[in-house]
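One structure below.
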Amino acid sequence: MISSICRKTAEALGRELCADTDQVAVYAYALEILLGTTIKLVLIIFLATLLHILTTTLIFLFTLALFRWLGGGIHLSTYLRCLTVGLFLALGMGYVAVLEVDSCSIYGIFLLALFIASYVFVKWVPADTQKKRIPDIEKRLKQKKESFGALMGWSLAILAFLLNNFDAYALAAILGSLCSSFLMMPIGYRVIGSLDNILAIFSKGAFL
């Protein structure tokens, strides 16, 4: 439904702007991303508010989105699959972050997440997909540098949270980093690919 609405809107916009077929396709793609992201964010905020985990959920989402934007990674093949899995992931991690965890354990998880992210950024960033290949070496190096810059900012934010006893916020940001790193790794590609296939079989192509 989302794709159909965006395609029709893009076609109407293309007629007004006298755009060619390729430009209309770009409009449709951009509209689908914008509309899909808006719907997902509104749903997550609504449900997280009901569950009283809004702040940790938003911190998790921000961290995940930042590293995914800079580093790339695997995606599910349809919007509804992405929406469904994204809702469960964001709300689940937002809930996990508010669980009682001692500060020493959080410091340990932080160091582990920092090591994993550093290794992933060096070895796999930018983690591209079949639809988005990044062969240019200079661009790849630029994304690595930007990712490490974000990682430094993330580390400082974690330490600030921990020093001010905002353990839940720190844990939410750590979980966001761990999830984004996983989605850039080969095992993440395999797991999400398998999940995509399972959802395709389960839905029989009708809903997801």
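Numbering starts fresh at 1 for the residues of each chain in the structure tokens, the chains themselves are lettered A, B, ... in the order given, and ligands are numbered from 1 as they appear.
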**Message:** Can you tell me which residues surround region 146-150 of chain A at a distance of at most 8 Å, considering only C-alpha atoms, apart from same-chain residues fewer than 6 positions away, and format the answer as a PyMOL selection string?
**Reply:** chain A and resi 66-67+70-71+118+121
For region 163-175 of chain A, work out the shell of residues within 8 Å, counting only C-alpha atoms and skipping chain neighbours fewer than 4 positions away, then give it as a compact mmCIF listing (two decimals) with N, CA and C atoms, in the first residue's frame.
# COMPACT_ATOMS: atom_id res chain seq x y z
N THR A 55 12.17 7.34 26.54
CA THR A 55 13.51 7.92 26.47
C THR A 55 14.55 6.88 26.04
N THR A 56 14.52 5.72 26.68
CA THR A 56 15.51 4.69 26.33
C THR A 56 15.29 4.19 24.89
N THR A 57 14.03 4.10 24.47
CA THR A 57 13.74 3.67 23.10
C THR A 57 14.27 4.66 22.09
N ILE A 59 16.74 6.84 22.54
CA ILE A 59 18.21 6.82 22.57
C ILE A 59 18.72 5.62 21.77
N PHE A 60 18.09 4.47 21.97
CA PHE A 60 18.46 3.29 21.18
C PHE A 60 18.29 3.56 19.69
N THR A 63 20.94 6.03 18.26
CA THR A 63 22.25 5.40 18.10
C THR A 63 22.26 4.44 16.92
N MET A 93 14.56 -3.44 22.94
CA MET A 93 15.80 -2.88 23.47
C MET A 93 15.54 -1.72 24.42
N GLY A 94 14.48 -0.95 24.15
CA GLY A 94 14.11 0.12 25.07
C GLY A 94 13.71 -0.42 26.42
N VAL A 96 14.71 -3.51 27.64
CA VAL A 96 15.89 -4.12 28.24
C VAL A 96 16.75 -3.06 28.94
N ALA A 97 16.82 -1.87 28.34
CA ALA A 97 17.67 -0.81 28.88
C ALA A 97 17.22 -0.33 30.26
N VAL A 98 15.93 -0.47 30.58
CA VAL A 98 15.46 0.01 31.89
C VAL A 98 15.54 -1.07 32.96
N LEU A 99 15.98 -2.26 32.59
CA LEU A 99 16.14 -3.31 33.59
C LEU A 99 17.31 -2.98 34.52
N VAL A 101 20.60 -3.15 36.04
CA VAL A 101 21.92 -3.70 35.72
C VAL A 101 22.95 -2.87 36.48
N SER A 103 26.37 -0.92 37.55
CA SER A 103 27.23 -0.05 36.75
C SER A 103 28.47 -0.76 36.23
N ILE A 106 27.68 -2.60 33.15
CA ILE A 106 27.46 -1.70 32.02
C ILE A 106 28.79 -1.20 31.46
N ILE A 109 30.10 -4.03 29.36
CA ILE A 109 29.39 -4.12 28.08
C ILE A 109 29.79 -2.98 27.16
N PHE A 110 29.99 -1.81 27.73
CA PHE A 110 30.43 -0.64 26.96
C PHE A 110 31.77 -0.90 26.27
N ALA A 113 31.26 -3.39 23.49
CA ALA A 113 30.61 -2.76 22.34
C ALA A 113 31.57 -1.85 21.58
N TRP A 154 29.89 8.98 20.58
CA TRP A 154 29.09 7.99 21.31
C TRP A 154 29.77 7.58 22.61
N ALA A 157 29.42 10.27 25.18
CA ALA A 157 28.05 10.32 25.68
C ALA A 157 27.79 9.20 26.69
N ILE A 158 28.29 8.00 26.41
CA ILE A 158 28.15 6.88 27.33
C ILE A 158 28.79 7.20 28.67
N LEU A 159 30.02 7.72 28.64
CA LEU A 159 30.74 8.05 29.88
C LEU A 159 30.00 9.14 30.65
N CYS A 179 23.59 -3.51 18.15
CA CYS A 179 22.68 -3.94 17.08
C CYS A 179 23.14 -3.45 15.72
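Relative to CA of His75 (chain A), CA of Asp196 (chain A) is found at 9.1 Å.
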**Request:** Pick out the residues sitting within 10 Å of Ser77 (chain A), and hand them over as an MDAnalysis selection string; count only C-alpha atoms, and ignore anything fewer than 3 positions along from it in its own chain.
**Result:** chainID A and resid 74 80:82 192:193 196:197 200 208
Mind writing the picked residues with C-alpha atoms as an mmCIF file, in the first residue's frame?
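The resulting selection_2.cif:
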data_model
loop_
_atom_site.group_PDB
_atom_site.id
_atom_site.type_symbol
_atom_site.label_atom_id
_atom_site.label_comp_id
_atom_site.auth_asym_id
_atom_site.auth_seq_id
_atom_site.Cartn_x
_atom_site.Cartn_y
_atom_site.Cartn_z
ATOM 1 C CA ILE A 74 21.552 -5.258 5.770
ATOM 2 C CA LEU A 80 6.062 -4.104 6.375
ATOM 3 C CA ARG A 81 8.731 -6.606 7.369
ATOM 4 C CA CYS A 82 11.035 -3.746 8.258
ATOM 5 C CA ILE A 192 18.440 -11.103 8.514
ATOM 6 C CA GLY A 193 18.386 -12.892 5.153
ATOM 7 C CA ASP A 196 13.400 -12.369 5.564
ATOM 8 C CA ASN A 197 12.857 -15.787 3.986
ATOM 9 C CA ALA A 200 8.099 -14.473 3.267
ATOM 10 C CA LEU A 208 4.793 -8.847 4.824
#
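For the atom pair formed by CA of Thr9 (chain A) and CA of Ile45 (chain A), the distance is 26.6 Å, given to one decimal.
A straight line drawn from CA of Leu35 (chain A) to CA of Val85 (chain A) is 17.3 Å long.
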**Request:** Compile the contact shell of Leu43 (chain A) as number ranges by chain: residues with an atom at most 12 Å away, counting only C-alpha atoms, same-chain residues fewer than 2 positions apart removed.
**Result:** A: 36-41, 45-50, 54, 57, 83-84, 86-88, 90-91
